[in-house]
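**Q** Below you'll find entry.csv; it's CSV, C-alpha atoms.
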chain,number,residue,atom,x,y,z
A,29,ILE,CA,-14.7,22.6,1.5
A,30,LEU,CA,-13.5,26.1,2.6
A,31,ASN,CA,-16.4,28.5,3.3
A,32,MET,CA,-18.0,28.6,6.8
A,33,ASN,CA,-19.9,31.4,8.5
A,34,ASN,CA,-18.7,32.6,11.8
A,35,SER,CA,-21.6,32.1,14.2
A,36,THR,CA,-20.0,34.2,16.9
A,37,ASP,CA,-20.0,37.3,14.7
A,38,CYS,CA,-23.6,36.6,13.7
A,39,ALA,CA,-24.8,36.4,17.3
A,40,ILE,CA,-22.8,39.4,18.7
A,41,TRP,CA,-22.3,41.9,15.9
A,42,ASP,CA,-25.1,40.8,13.6
A,43,GLU,CA,-22.6,40.4,10.9
A,44,CYS,CA,-22.2,37.0,9.2
A,45,ASP,CA,-18.7,37.1,7.8
A,46,THR,CA,-17.3,34.1,5.8
A,47,HIS,CA,-14.0,32.7,7.0
A,48,ILE,CA,-11.6,30.2,5.5
A,49,VAL,CA,-12.0,27.0,7.4
A,50,ILE,CA,-11.0,23.5,6.2
A,51,ARG,CA,-13.7,21.2,7.4
A,52,ASN,CA,-12.8,17.9,9.0
A,53,GLY,CA,-12.2,15.1,6.5
A,54,ARG,CA,-12.0,17.5,3.5
A,55,ALA,CA,-8.2,18.1,3.5
A,56,MET,CA,-7.8,15.2,1.2
A,57,GLU,CA,-10.3,16.5,-1.2
A,58,LEU,CA,-8.6,19.9,-1.3
A,59,ALA,CA,-5.3,18.2,-2.0
A,60,VAL,CA,-6.8,16.2,-4.9
A,61,LEU,CA,-8.3,19.4,-6.3
A,62,LEU,CA,-4.9,21.2,-6.1
A,63,ILE,CA,-3.1,18.3,-7.8
A,64,SER,CA,-5.8,18.2,-10.5
A,65,ILE,CA,-5.3,21.9,-11.2
A,66,TYR,CA,-1.5,21.5,-11.4
A,67,TRP,CA,-1.7,18.4,-13.6
A,68,THR,CA,-4.2,19.9,-16.0
A,69,THR,CA,-2.1,23.0,-16.3
A,70,MET,CA,1.1,21.0,-17.0
A,71,VAL,CA,-0.6,18.8,-19.5
A,72,ILE,CA,-1.9,21.8,-21.5
A,73,LYS,CA,1.6,23.5,-21.4
A,74,ASN,CA,3.4,20.3,-22.5
A,75,ILE,CA,0.9,19.6,-25.3
A,76,ILE,CA,1.9,23.1,-26.6
A,77,ARG,CA,5.6,22.2,-26.1
A,78,VAL,CA,5.3,19.0,-28.1
A,79,SER,CA,3.3,20.7,-30.9
A,80,VAL,CA,5.8,23.5,-31.2
A,81,ALA,CA,8.7,21.0,-31.2
A,82,GLY,CA,7.1,19.0,-34.0
A,83,ALA,CA,6.4,22.1,-36.1
A,84,ILE,CA,9.9,23.5,-35.7
A,85,GLY,CA,11.4,20.1,-36.3
A,86,SER,CA,9.5,19.8,-39.6
A,87,TRP,CA,10.6,23.2,-40.6
A,88,TRP,CA,14.2,22.5,-39.7
A,89,MET,CA,14.4,19.2,-41.7
A,90,ASN,CA,12.1,19.9,-44.6
A,91,SER,CA,11.7,23.7,-44.9
A,92,GLU,CA,8.0,23.2,-44.2
A,93,SER,CA,6.1,24.1,-41.0
A,94,ASN,CA,2.9,22.3,-40.2
A,95,ILE,CA,1.3,22.7,-36.7
A,96,SER,CA,-1.8,20.7,-37.3
A,97,ASP,CA,-0.2,17.3,-37.5
A,98,PRO,CA,2.1,17.7,-34.4
A,99,LEU,CA,-0.9,19.0,-32.5
A,100,LEU,CA,-3.1,16.1,-33.5
A,101,ARG,CA,-0.3,13.6,-32.6
A,102,ALA,CA,0.2,15.4,-29.2
A,103,CYS,CA,-3.5,15.1,-28.4
A,104,THR,CA,-3.8,11.4,-29.5
A,105,SER,CA,-0.9,9.0,-29.7
A,106,SER,CA,1.5,11.0,-27.5
A,107,LEU,CA,-1.0,12.1,-24.9
A,108,GLY,CA,-0.3,9.3,-22.5
A,109,THR,CA,3.4,10.0,-22.2
A,110,ILE,CA,2.7,13.7,-22.0
A,111,CYS,CA,0.4,13.2,-19.1
A,112,PHE,CA,2.9,10.9,-17.4
A,113,GLY,CA,5.7,13.4,-17.8
A,114,SER,CA,3.5,16.3,-16.6
A,115,LEU,CA,2.8,14.4,-13.4
A,116,VAL,CA,6.3,13.1,-12.5
A,117,GLY,CA,8.5,15.7,-14.2
A,118,VAL,CA,8.6,18.4,-11.4
A,119,PRO,CA,8.7,15.9,-8.5
A,120,ALA,CA,11.5,14.0,-10.1
A,121,GLN,CA,13.5,17.3,-10.6
A,122,ALA,CA,12.8,18.2,-6.9
A,123,ILE,CA,14.1,14.8,-5.7
A,124,SER,CA,17.1,15.2,-7.9
A,125,VAL,CA,18.0,18.6,-6.3
A,126,ILE,CA,17.4,17.1,-2.8
A,127,GLY,CA,19.7,14.2,-3.6
A,128,TYR,CA,22.4,16.5,-4.8
A,129,CYS,CA,22.1,18.7,-1.7
A,130,LEU,CA,22.4,15.6,0.5
A,131,CYS,CA,25.5,14.4,-1.4
A,132,TRP,CA,27.0,17.9,-1.3
A,133,GLY,CA,26.3,18.3,2.4
A,134,SER,CA,27.9,14.9,3.3
A,135,GLY,CA,31.1,16.0,1.5
A,136,ARG,CA,30.7,13.6,-1.4
A,137,GLY,CA,29.1,15.9,-3.8
A,138,SER,CA,30.7,17.2,-6.9
A,139,HIS,CA,30.9,20.8,-8.1
A,140,ASP,CA,28.7,19.7,-11.0
A,141,LYS,CA,25.2,20.8,-10.0
A,142,SER,CA,23.5,19.3,-12.9
A,143,HIS,CA,22.8,16.1,-11.1
A,144,TRP,CA,23.6,14.4,-7.8
A,145,THR,CA,24.6,11.2,-9.6
A,146,SER,CA,27.9,12.9,-10.5
A,147,ALA,CA,28.9,12.1,-6.9
A,148,LEU,CA,28.4,8.4,-7.6
A,149,ASN,CA,29.8,8.1,-11.1
A,150,LYS,CA,33.3,7.2,-10.2
A,151,HIS,CA,32.1,4.8,-7.5
A,152,VAL,CA,29.7,2.7,-9.5
A,153,PRO,CA,30.8,-0.8,-10.2
A,154,ALA,CA,30.1,-2.5,-13.5
A,155,ASN,CA,28.6,-5.4,-11.5
A,156,SER,CA,28.9,-6.8,-8.1
A,157,GLU,CA,31.1,-9.7,-9.1
A,158,ASP,CA,33.7,-7.4,-10.7
A,159,SER,CA,33.5,-5.1,-7.7
A,160,GLY,CA,34.2,-8.0,-5.4
A,161,LYS,CA,37.1,-9.2,-7.5
A,162,GLN,CA,38.7,-5.8,-7.7
A,163,GLU,CA,38.4,-5.2,-4.0
A,164,ASN,CA,39.8,-8.6,-3.3
A,165,GLU,CA,42.9,-7.9,-5.4
A,166,ASN,CA,43.4,-4.5,-3.7
A,167,THR,CA,43.2,-5.9,-0.2
A,168,GLY,CA,46.6,-6.6,1.3
A,169,ASN,CA,45.3,-8.3,4.4
A,170,ASP,CA,44.9,-12.0,5.2
A,171,GLY,CA,42.2,-14.2,3.8
A,172,GLU,CA,39.8,-13.9,6.7
A,173,GLN,CA,39.9,-10.1,6.7
A,174,ALA,CA,39.3,-10.1,2.9
A,175,GLN,CA,36.3,-12.4,3.2
A,176,ASP,CA,34.8,-10.1,5.8
A,177,ALA,CA,35.5,-6.9,3.8
A,178,VAL,CA,34.4,-8.0,0.4
A,179,PRO,CA,30.7,-8.7,1.1
A,180,VAL,CA,30.3,-5.3,2.9
A,181,ARG,CA,32.0,-3.4,0.1
A,182,THR,CA,30.1,-5.4,-2.6
A,183,LEU,CA,26.8,-4.4,-0.9
A,184,GLY,CA,27.9,-0.8,-0.8
A,185,GLY,CA,28.8,-1.0,-4.5
A,186,GLN,CA,25.4,-2.5,-5.3
A,187,ILE,CA,23.7,0.3,-3.4
A,188,ARG,CA,25.7,2.9,-5.2
A,189,ASN,CA,25.0,1.2,-8.5
A,190,PHE,CA,21.2,1.3,-7.7
A,191,LEU,CA,21.4,4.9,-6.7
A,192,TRP,CA,23.2,5.8,-9.9
A,193,ARG,CA,20.6,4.0,-12.0
A,194,VAL,CA,17.8,5.8,-10.2
A,195,GLY,CA,19.6,9.1,-10.6
A,196,ARG,CA,19.9,8.5,-14.3
A,197,LYS,CA,16.1,8.0,-14.6
A,198,LEU,CA,15.5,11.1,-12.6
A,199,GLN,CA,17.9,13.0,-14.8
A,200,ALA,CA,15.9,11.8,-17.8
A,201,CYS,CA,12.9,13.7,-16.5
A,202,ASN,CA,13.8,17.0,-18.1
A,203,ARG,CA,12.2,19.6,-20.4
A,204,TRP,CA,14.2,18.3,-23.4
A,205,ALA,CA,12.1,15.1,-23.4
A,206,TYR,CA,9.1,16.9,-24.8
A,207,THR,CA,11.3,18.0,-27.8
A,208,TYR,CA,12.0,14.4,-28.6
A,209,ILE,CA,8.4,13.5,-28.1
A,210,GLY,CA,7.4,16.1,-30.7
A,211,MET,CA,10.2,15.4,-33.2
A,212,TYR,CA,10.7,11.6,-33.0
A,213,ASN,CA,7.6,10.4,-31.1
A,214,TYR,CA,9.7,8.9,-28.2
A,215,SER,CA,8.3,8.2,-24.8
A,216,PHE,CA,9.0,10.6,-22.0
A,217,ILE,CA,11.8,8.7,-20.2
A,218,GLU,CA,13.4,7.5,-23.5
A,219,GLY,CA,13.3,11.0,-25.0
A,220,GLY,CA,14.9,12.5,-21.9
A,221,GLU,CA,17.7,9.9,-22.0
A,222,LYS,CA,18.3,10.5,-25.7
A,223,ALA,CA,18.6,14.3,-25.0
A,224,ILE,CA,21.1,13.8,-22.2
A,225,GLN,CA,23.2,11.4,-24.4
A,226,LEU,CA,23.2,13.9,-27.2
A,227,PHE,CA,24.4,16.8,-25.1
A,228,GLU,CA,27.0,14.7,-23.3
A,229,THR,CA,28.3,13.6,-26.6
A,230,ARG,CA,28.5,17.2,-27.9
A,231,GLU,CA,29.9,18.3,-24.5
A,232,TRP,CA,27.1,20.9,-24.3
A,233,MET,CA,26.0,20.2,-20.8
A,234,ASP,CA,27.2,23.6,-19.6
A,235,ILE,CA,25.0,25.2,-22.2
A,236,VAL,CA,22.1,23.0,-21.3
A,237,ARG,CA,22.3,23.9,-17.6
A,238,ASP,CA,22.0,27.6,-18.4
A,239,ASN,CA,18.4,28.6,-17.4
A,240,LEU,CA,18.7,32.2,-18.3
A,241,ILE,CA,15.8,32.1,-20.8
A,242,GLN,CA,13.6,30.0,-18.6
A,243,ASN,CA,14.2,32.3,-15.6
A,244,ASN,CA,13.4,35.4,-17.7
A,245,LEU,CA,10.2,33.8,-18.9
A,246,LEU,CA,9.3,32.9,-15.4
A,247,MET,CA,9.9,36.5,-14.2
A,248,ALA,CA,7.8,37.7,-17.0
A,249,SER,CA,5.0,35.3,-16.0
A,250,ILE,CA,5.2,36.6,-12.4
A,251,VAL,CA,5.0,40.2,-13.6
A,252,ILE,CA,2.0,39.4,-15.8
A,253,GLY,CA,0.3,37.6,-12.9
A,254,GLY,CA,0.9,40.6,-10.6
A,255,SER,CA,-0.5,42.9,-13.2
A,256,SER,CA,-3.6,40.7,-13.6
A,257,GLY,CA,-4.1,40.7,-9.8
A,258,LEU,CA,-4.0,44.5,-9.7
A,259,VAL,CA,-6.5,44.7,-12.5
A,260,SER,CA,-8.8,42.3,-10.6
A,261,VAL,CA,-8.6,44.5,-7.5
A,262,VAL,CA,-9.5,47.6,-9.6
A,263,VAL,CA,-12.4,45.8,-11.2
A,264,GLU,CA,-13.8,44.7,-7.9
A,265,GLU,CA,-13.4,48.0,-6.1
A,266,VAL,CA,-14.5,50.3,-8.9
A,267,ASP,CA,-17.3,48.3,-10.6
A,268,GLY,CA,-18.5,46.6,-7.4
A,269,TYR,CA,-18.1,43.0,-8.6
A,270,THR,CA,-17.7,40.4,-6.0
A,271,PHE,CA,-15.4,37.5,-6.9
A,272,THR,CA,-15.9,35.5,-3.6
A,273,SER,CA,-18.0,35.6,-0.5
A,274,LEU,CA,-14.9,35.9,1.8
A,275,ASN,CA,-14.5,39.0,4.0
A,276,GLN,CA,-11.2,39.9,2.3
A,277,PRO,CA,-12.2,41.2,-1.1
A,278,ILE,CA,-9.0,42.9,-2.0
A,279,VAL,CA,-6.8,40.0,-1.1
A,280,THR,CA,-8.9,37.3,-2.7
A,281,SER,CA,-9.5,39.3,-5.9
A,282,PHE,CA,-5.7,39.9,-6.2
A,283,TRP,CA,-4.8,36.3,-5.8
A,284,ILE,CA,-7.5,35.1,-8.2
A,285,GLY,CA,-6.2,37.5,-10.8
A,286,PHE,CA,-2.6,36.6,-10.1
A,287,VAL,CA,-3.1,32.8,-10.4
A,288,LEU,CA,-5.1,33.1,-13.6
A,289,GLY,CA,-2.6,35.5,-15.2
A,290,PHE,CA,0.4,33.5,-14.0
A,291,ILE,CA,-1.0,30.2,-15.3
A,292,LEU,CA,-2.0,31.6,-18.7
A,293,SER,CA,1.2,33.5,-19.3
A,294,ASN,CA,3.3,30.5,-18.0
A,295,VAL,CA,1.5,28.2,-20.5
A,296,LEU,CA,2.0,30.6,-23.4
A,297,LEU,CA,5.5,31.9,-22.7
A,298,LEU,CA,7.1,28.7,-21.4
A,299,GLY,CA,5.0,26.5,-23.6
A,300,VAL,CA,5.7,28.4,-26.9
A,301,VAL,CA,8.8,30.4,-26.5
A,302,GLY,CA,10.6,28.0,-24.2
A,303,SER,CA,9.8,25.0,-26.3
A,304,ALA,CA,11.0,26.8,-29.4
A,305,VAL,CA,14.4,27.6,-27.8
A,306,ASN,CA,14.7,24.0,-26.6
A,307,THR,CA,13.9,22.6,-30.0
A,308,ILE,CA,16.3,24.8,-31.9
A,309,LEU,CA,19.1,23.8,-29.5
A,310,VAL,CA,18.3,20.1,-30.0
A,311,CYS,CA,18.1,20.4,-33.7
A,312,PHE,CA,21.3,22.4,-33.9
A,313,ALA,CA,23.1,19.7,-31.9
A,314,ALA,CA,21.6,16.7,-33.8
A,315,HIS,CA,21.1,18.0,-37.4
A,316,PRO,CA,23.4,20.9,-38.2
A,317,PHE,CA,23.9,19.9,-41.8
A,318,GLU,CA,20.1,19.7,-42.6
A,319,PHE,CA,19.8,23.2,-41.2
A,320,ASP,CA,22.6,24.4,-43.4
A,321,ARG,CA,21.1,22.8,-46.5
A,322,ASN,CA,17.6,24.0,-46.0
A,323,HIS,CA,18.3,27.4,-44.4
A,324,PRO,CA,21.8,28.4,-45.4
A,325,ARG,CA,21.6,32.1,-44.4
A,326,LEU,CA,20.2,31.4,-40.9
A,327,SER,CA,22.7,28.6,-40.4
A,328,ARG,CA,25.6,30.9,-41.3
A,329,GLU,CA,24.3,33.6,-38.9
A,330,MET,CA,23.8,31.1,-36.1
A,331,ARG,CA,27.3,29.5,-36.6
A,332,GLU,CA,28.9,32.9,-36.5
A,333,VAL,CA,27.2,33.9,-33.3
A,334,TRP,CA,27.9,30.6,-31.6
A,335,SER,CA,31.5,30.6,-32.7
A,336,GLN,CA,32.0,33.8,-30.8
A,337,GLN,CA,30.0,32.9,-27.7
A,338,VAL,CA,30.2,29.1,-27.3
A,339,TRP,CA,33.1,27.5,-29.3
Is it possible to give me this structure as structure tokens?
**A**
Amino acid sequence: ILNMNNSTDCAIWDECDTHIVIRNGRAMELAVLLISIYWTTMVIKNIIRVSVAGAIGSWWMNSESNISDPLLRACTSSLGTICFGSLVGVPAQAISVIGYCLCWGSGRGSHDKSHWTSALNKHVPANSEDSGKQENENTGNDGEQAQDAVPVRTLGGQIRNFLWRVGRKLQACNRWAYTYIGMYNYSFIEGGEKAIQLFETREWMDIVRDNLIQNNLLMASIVIGGSSGLVSVVVEEVDGYTFTSLNQPIVTSFWIGFVLGFILSNVLLLGVVGSAVNTILVCFAAHPFEFDRNHPRLSREMREVWSQQVW
């Protein structure tokens, strides 16, 4: 797909260097390969997330930790919903951010950056008939003007209602869904909706939006990837290994090491540590009394810390 010898260099300088050239008709194949790498990486990371969530949930509820059963369930009965969430999760979050930016740019956005549907919440009608009746009552004009205004406003209410529903589905595509998959065997969308409902009921949305731990783990993955890239450069230059046939050995070896190191560290750090943090937060919100009964000392310490920082 990529490698092609430069015939001009071969003829003039007697040096056949390899250059990066995407051949005609092969761009689609390259895109499919990149999507496959992304999807495979996300599936592996989310399988780890679900397995860790199941193990911590079992320890939280029963004082017993078993990783084999959650791992087996993640690789069998829950694999379909994990693959679905791995494919649509990041694109859905990107669309959600773009929607919020559009609403904010048009002057209709809220200061709540959690989701762009907050800009539509107070404009969503229960149904089109109620919207039409309400707008009819609030209209102080004559009958003809009211008849002309109601269908337009009703259509706008229906559009806002549709956007709000779509936004809620996009909001359900979050990292907390994998915790519910591992603990309760929900589907991806249903688990995300249950998580949002739980945090909204607890009024913990400000805590949930804090991505401090996720950002720290991401920076750690970038540092590990950069270190792996430097090691790859040293190995190629000192030991004489050739990772590719391209005429940029330092650049290509660095990026190969960086990508491998970043992917592996991202899977392990965000998959294990990040999932553990998410599961503890969900369990503490949904089952605080079980935690106090099974682990009283840890429960007391956690309550003391959270009473100083959160409540």
**Q** Considering only C-alpha atoms, state which residue in the set A:Val78, A:Ala314, A:Met330, A:Leu61 is at the smallest distance from Arg230 in chain A.
**A**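 The closest residue to Arg230 in chain A is A:Ala314.
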**Q** Counting only C-alpha atoms, what is within 12 Å of Ala248 in chain A, bar same-chain residues fewer than 3 positions away, as an mmCIF file with C-alpha atoms, in the coordinates of the input?
**A**
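Ended up saving to out-v4.cif:
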data_model
loop_
_atom_site.group_PDB
_atom_site.id
_atom_site.type_symbol
_atom_site.label_atom_id
_atom_site.label_comp_id
_atom_site.auth_asym_id
_atom_site.auth_seq_id
_atom_site.Cartn_x
_atom_site.Cartn_y
_atom_site.Cartn_z
ATOM 1 C CA ILE A 241 15.800 32.100 -20.800
ATOM 2 C CA GLN A 242 13.600 30.000 -18.600
ATOM 3 C CA ASN A 243 14.200 32.300 -15.600
ATOM 4 C CA ASN A 244 13.400 35.400 -17.700
ATOM 5 C CA LEU A 245 10.200 33.800 -18.900
ATOM 6 C CA VAL A 251 5.000 40.200 -13.600
ATOM 7 C CA ILE A 252 2.000 39.400 -15.800
ATOM 8 C CA GLY A 253 0.300 37.600 -12.900
ATOM 9 C CA GLY A 254 0.900 40.600 -10.600
ATOM 10 C CA SER A 255 -0.500 42.900 -13.200
ATOM 11 C CA GLY A 289 -2.600 35.500 -15.200
ATOM 12 C CA PHE A 290 0.400 33.500 -14.000
ATOM 13 C CA ILE A 291 -1.000 30.200 -15.300
ATOM 14 C CA LEU A 292 -2.000 31.600 -18.700
ATOM 15 C CA SER A 293 1.200 33.500 -19.300
ATOM 16 C CA ASN A 294 3.300 30.500 -18.000
ATOM 17 C CA VAL A 295 1.500 28.200 -20.500
ATOM 18 C CA LEU A 296 2.000 30.600 -23.400
ATOM 19 C CA LEU A 297 5.500 31.900 -22.700
ATOM 20 C CA LEU A 298 7.100 28.700 -21.400
#
**Q** Between CA of Arg325 in chain A and CA of Val301 in chain A, what is the spacing in Å?
**A**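 Between CA of Val301 in chain A and CA of Arg325 in chain A the gap is 22.1 Å.
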**Q** Would you mind listing what lies within 12 Å of Arg237 in chain A as a ChimeraX atom specification, with only C-alpha atoms counted and same-chain residues fewer than 2 positions away left out?
**A** /A:140-143,202-204,224,227-228,231-235,239-243,306
**Q** Restricting the calculation to only C-alpha atoms: of A:Ile72, A:Leu100, A:Ile250, A:Ile187, which residue gets closest to Val287 in chain A?
**A**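 Among the listed residues, A:Ile250 lies closest to Val287 in chain A.
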**Q** From the list A:Leu309, A:Ala200, A:Met247, A:Ala223, which residue is nearest Gln121 in chain A when using only C-alpha atoms?
**A**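 Of A:Leu309, A:Ala200, A:Met247, A:Ala223, the one nearest Gln121 in chain A, counting only C-alpha atoms, is A:Ala200.
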**Q** Using all atoms listed in the file for the distances, tell me which of A:Gly117, A:Gly82, A:Gly257, A:Pro98 is nearest to Met70 in chain A.
**A**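 When distances to Met70 in chain A are compared using all atoms listed in the file, the smallest one comes from A:Gly117.
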**Q** At what distance in Å, to one decimal, does CA of Ser114 in chain A lie from CA of Trp67 in chain A?
**A**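 Those two atoms sit 6.4 Å apart.
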**Q** Which of these, A:Phe286, A:Phe319, A:Tyr66, A:Phe112, has the shortest distance to Ser91 in chain A once you count only C-alpha atoms?
**A** A:Phe319
**Q** Tell me, in Å to one decimal, how far CA of Tyr208 in chain A is from CA of Asn189 in chain A.
**A**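 Result for CA of Tyr208 in chain A versus CA of Asn189 in chain A: 27.3 Å, one decimal.
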**Q** So which one's closest to Cys201 in chain A, A:Val259, A:Ala55, A:Leu115, A:Val236? Using all atoms listed in the file, please.
**A**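 Nearest to Cys201 in chain A: A:Leu115.
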**Q** Could you name the residues that touch Gly299 in chain A at 6 Å or less, counting only C-alpha atoms, but leaving out those on the same chain fewer than 4 positions away, as an mmCIF file with C-alpha atoms, in the coordinates of the input?
**A**
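Ended up saving to part-v4.cif:
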data_model
loop_
_atom_site.group_PDB
_atom_site.id
_atom_site.type_symbol
_atom_site.label_atom_id
_atom_site.label_comp_id
_atom_site.auth_asym_id
_atom_site.auth_seq_id
_atom_site.Cartn_x
_atom_site.Cartn_y
_atom_site.Cartn_z
ATOM 1 C CA LYS A 73 1.600 23.500 -21.400
ATOM 2 C CA ILE A 76 1.900 23.100 -26.600
ATOM 3 C CA ARG A 77 5.600 22.200 -26.100
ATOM 4 C CA VAL A 295 1.500 28.200 -20.500
ATOM 5 C CA SER A 303 9.800 25.000 -26.300
#
